[in-house]
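What follows is a single structure, written as structure tokens, with notes after it.
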Amino acid sequence: MLSTADFRSGLTIEIDGVPFQIVEFQHVKPGKGPAFVRSRLKNLKTGRTLEKTWNAGEKVAPALIQRSAVQYLYRSGDRYTFMDLENFDQIEIGEDMLGDGASYLLDGLECLVTRHDGVVIGLDIPAHLDLTVVQTDPGIRGDTATGGSKPATLETGAVVQVPLFVNTGERIRVDTRTNTYVERVTT
């Protein structure tokens with residue numbers, strides 16, 4: 001069992017059989033009354049956050065979370081198939097669990113799958129990917145002074161806003177968490 005004194009950001013705990021991750025916490029020692037801990041928790045199954053107050057020293061069970069490397073293989077309808085890189089088992093994950101990350105899946109891409117009690121509860125794709133621009137409008141000389149942007153379609157099918165100087169065929173680095181252009185990649 002864990003005590004509230006063991007709390008730290010990123011720690012996973014279990015409340016009523018549901019895994020939660022501590023997003024932030026604060027130990028409060030008021031001038032009058034007992035100390036307590038305010039926390040913001042993220043439900044790892046639904047993604048929702050909640051605020052909870054604990055008495056100082058209260059005990060809570062740690063959540064047993066397993067993370068393992070997987071490789072993306074193929075898509076079949078709204079299901080995505082991955083291969084576990086340790087035991088080579090195939091795992092199917094629904095499109096609803098992937099969210100926006102589905103638009104960045106590329107054959108052979110290595111990701112991290114999160115399991116709780118053997119059940120897949122999440123998939124984390126890399127935070128930054130280097131991808132090729134397959135379609136974008138050509139940049140017009142002189143437009144770069146305005147600092148504008150234009151949409152670009154990437155090799156995975158994702159569309160991101162890029163600066164006007166980026167052209168078709170160039171490789172760019174994309175932040176998959178925010179769906180934004182980071183920089184142009186030189187080979």
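Following the order of the structure tokens, first chain is A, next is B, and so on, with residues numbered from 1 inside each chain and ligands from 1 in the order they appear.
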Residues of region 2-186 of chain A in strand (DSSP E or B) according to DSSP, as a VMD selection string? chain A and resid 2 to 3 12 to 15 18 to 28 36 to 43 49 to 55 59 to 62 65 to 76 79 to 84 90 to 94 110 to 116 119 to 124 128 to 136 149 to 154 159 to 163 171 to 175 180 to 185
Residues of region 17-95 of chain A that approach region 115-122 of chain A to 9 Å or less, counting only C-alpha atoms: could you list each one with the shortest pair of atoms and its distance in Å to one decimal, rows by chain and increasing residue number, as JSON lines?
{"residue": "A:Val18", "atom": "CA", "partner": "A:His116", "partner_atom": "CA", "distance": 9.0}
{"residue": "A:Pro19", "atom": "CA", "partner": "A:His116", "partner_atom": "CA", "distance": 7.5}
{"residue": "A:Leu44", "atom": "CA", "partner": "A:Ile121", "partner_atom": "CA", "distance": 6.8}
{"residue": "A:Lys45", "atom": "CA", "partner": "A:Ile121", "partner_atom": "CA", "distance": 5.5}
{"residue": "A:Thr46", "atom": "CA", "partner": "A:Ile121", "partner_atom": "CA", "distance": 8.6}
{"residue": "A:Ala63", "atom": "CA", "partner": "A:His116", "partner_atom": "CA", "distance": 7.7}
{"residue": "A:Leu64", "atom": "CA", "partner": "A:His116", "partner_atom": "CA", "distance": 6.3}
{"residue": "A:Ile65", "atom": "CA", "partner": "A:His116", "partner_atom": "CA", "distance": 5.0}
{"residue": "A:Gln66", "atom": "CA", "partner": "A:Arg115", "partner_atom": "CA", "distance": 5.1}
{"residue": "A:Arg67", "atom": "CA", "partner": "A:Arg115", "partner_atom": "CA", "distance": 6.4}
{"residue": "A:Ser68", "atom": "CA", "partner": "A:Arg115", "partner_atom": "CA", "distance": 8.4}
{"residue": "A:Ile91", "atom": "CA", "partner": "A:Val120", "partner_atom": "CA", "distance": 8.7}
{"residue": "A:Ile93", "atom": "CA", "partner": "A:Val120", "partner_atom": "CA", "distance": 7.9}
With C-alpha atoms kept, could you save the residues just selected as a JSON list (two decimals), in the first residue's frame?
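Okay, this is what ended up in part-v2.json:
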[["chain", "number", "residue", "atom", "x", "y", "z"],
["A", 18, "VAL", "CA", -9.92, 1.57, -11.80],
["A", 19, "PRO", "CA", -6.35, 2.74, -12.57],
["A", 44, "LEU", "CA", -6.37, 5.72, -17.51],
["A", 45, "LYS", "CA", -9.36, 3.90, -19.02],
["A", 46, "THR", "CA", -11.53, 6.91, -19.98],
["A", 63, "ALA", "CA", -2.08, 0.11, -9.82],
["A", 64, "LEU", "CA", -0.21, -2.63, -11.62],
["A", 65, "ILE", "CA", 0.42, -1.13, -15.05],
["A", 66, "GLN", "CA", 2.50, -2.92, -17.67],
["A", 67, "ARG", "CA", 4.01, -1.08, -20.62],
["A", 68, "SER", "CA", 5.52, -2.96, -23.54],
["A", 91, "ILE", "CA", -2.89, -7.19, -30.42],
["A", 93, "ILE", "CA", -6.82, -2.01, -30.82]]
Quick one: residues within 7 Å of region 161-169 of chain A, only C-alpha atoms, excluding same-chain residues fewer than 5 positions away - as a VMD selection string? chain A and resid 132 to 136 138 to 139 143 to 144 148 to 152 180 to 181
Fewer than 3 positions away in the same chain doesn't count, so skip those; otherwise give me all residues within 8 Å of Asp84 (chain A), counting only C-alpha atoms, as a PyMOL selection string. chain A and resi 68-71+87-91
Filtering to C-alpha atoms, could you give me those residues as a compact mmCIF listing (two decimals), in the first residue's frame?
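The resulting file, result.txt, is reproduced below:
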# COMPACT_ATOMS: atom_id res chain seq x y z
CA SER A 68 5.52 -2.96 -23.54
CA ALA A 69 6.84 -2.11 -26.99
CA VAL A 70 4.67 -2.98 -29.98
CA GLN A 71 5.03 -2.52 -33.74
CA ASN A 87 6.51 -12.40 -27.39
CA PHE A 88 5.35 -11.64 -30.98
CA ASP A 89 1.62 -11.87 -30.04
CA GLN A 90 -0.73 -9.78 -32.16
CA ILE A 91 -2.89 -7.19 -30.42
Test item: residues at most 9 Å from Leu73 (chain A), only C-alpha atoms, excluding those fewer than 6 positions along its chain, as an mmCIF file with N, CA and C atoms, in the first residue's frame:
data_model
loop_
_atom_site.group_PDB
_atom_site.id
_atom_site.type_symbol
_atom_site.label_atom_id
_atom_site.label_comp_id
_atom_site.auth_asym_id
_atom_site.auth_seq_id
_atom_site.Cartn_x
_atom_site.Cartn_y
_atom_site.Cartn_z
ATOM 1 N N TYR A 80 -6.935 -1.797 -35.499
ATOM 2 C CA TYR A 80 -5.522 -1.691 -35.840
ATOM 3 C C TYR A 80 -4.775 -2.847 -35.180
ATOM 4 N N THR A 81 -3.923 -3.514 -35.947
ATOM 5 C CA THR A 81 -3.206 -4.678 -35.429
ATOM 6 C C THR A 81 -1.750 -4.319 -35.176
ATOM 7 N N PHE A 82 -1.285 -4.684 -33.968
ATOM 8 C CA PHE A 82 0.079 -4.438 -33.539
ATOM 9 C C PHE A 82 0.702 -5.765 -33.128
ATOM 10 N N MET A 83 2.039 -5.848 -33.189
ATOM 11 C CA MET A 83 2.753 -7.049 -32.752
ATOM 12 C C MET A 83 3.582 -6.692 -31.528
ATOM 13 N N GLN A 90 -0.068 -10.885 -31.471
ATOM 14 C CA GLN A 90 -0.725 -9.785 -32.161
ATOM 15 C C GLN A 90 -1.834 -9.235 -31.283
ATOM 16 N N LEU A 106 2.269 4.468 -39.239
ATOM 17 C CA LEU A 106 3.021 4.139 -40.432
ATOM 18 C C LEU A 106 3.506 2.701 -40.266
ATOM 19 N N ASP A 107 3.506 1.912 -41.325
ATOM 20 C CA ASP A 107 3.939 0.517 -41.230
ATOM 21 C C ASP A 107 5.278 0.414 -40.514
ATOM 22 N N GLY A 108 5.335 -0.461 -39.506
ATOM 23 C CA GLY A 108 6.572 -0.695 -38.780
ATOM 24 C C GLY A 108 6.835 0.280 -37.642
ATOM 25 N N LEU A 109 5.938 1.229 -37.404
ATOM 26 C CA LEU A 109 6.127 2.214 -36.343
ATOM 27 C C LEU A 109 6.084 1.539 -34.974
#
Would you kindly return, as a compact mmCIF listing (two decimals) with N, CA and C atoms, in the first residue's frame, each protein, DNA or RNA residue with an atom no farther than 8 Å from any atom of Gly94 (chain A), considering only C-alpha atoms and excluding same-chain residues fewer than 2 positions away?
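Result went into selection-v4.txt, see below:
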# COMPACT_ATOMS: atom_id res chain seq x y z
N ASP A 78 -12.05 -0.61 -38.62
CA ASP A 78 -11.73 0.34 -37.55
C ASP A 78 -10.84 -0.30 -36.48
N ARG A 79 -10.20 -1.41 -36.79
CA ARG A 79 -9.30 -2.12 -35.88
C ARG A 79 -7.87 -2.02 -36.41
N TYR A 80 -6.93 -1.80 -35.50
CA TYR A 80 -5.52 -1.69 -35.84
C TYR A 80 -4.78 -2.85 -35.18
N GLU A 92 -5.06 -6.40 -31.20
CA GLU A 92 -5.95 -5.52 -31.96
C GLU A 92 -6.44 -4.40 -31.05
N ASP A 96 -11.31 3.95 -31.57
CA ASP A 96 -11.73 4.84 -30.50
C ASP A 96 -10.65 5.03 -29.44
N MET A 97 -9.82 4.00 -29.21
CA MET A 97 -8.75 4.10 -28.22
C MET A 97 -7.57 4.91 -28.75
N LEU A 98 -7.35 4.89 -30.04
CA LEU A 98 -6.21 5.61 -30.63
C LEU A 98 -6.47 7.10 -30.77
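When only C-alpha atoms are used to compute distances to Glu110 (chain A), the closest of the residues A:Gly57, A:Gly10, A:Pro30, A:Pro126 turns out to be A:Pro126.
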Taking only C-alpha atoms into account, name the residue in A:Leu85, A:Leu154, A:Val160, A:Ile22 that is nearest to Arg38 (chain A). A:Ile22
Could you work out how far CA of Ile13 (chain A) lies from CA of Glu58 (chain A), giving the answer in Å with one decimal? 12.8 Å
Quick one: distance from CA of Phe20 (chain A) to CA of Val174 (chain A) in Å, one decimal? 28.8 Å
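Nearest to Leu50 (chain A) of all the residues A:Ile172, A:Ala102, A:Ile15, A:Cys111 is A:Ile15, based on only C-alpha atoms.
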Pick from A:Ala61, A:Glu95, A:Lys32, A:Ser9, whichever lies nearest to Gly77 (chain A) using only C-alpha atoms: A:Glu95
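Taking only C-alpha atoms into account, Val60 (chain A) lies nearest to A:Met1 out of the set A:Ala158, A:Val113, A:Leu41, A:Met1.
Here CA of Ser103 (chain A) stands at a distance of 10.7 Å from CA of Ile125 (chain A).
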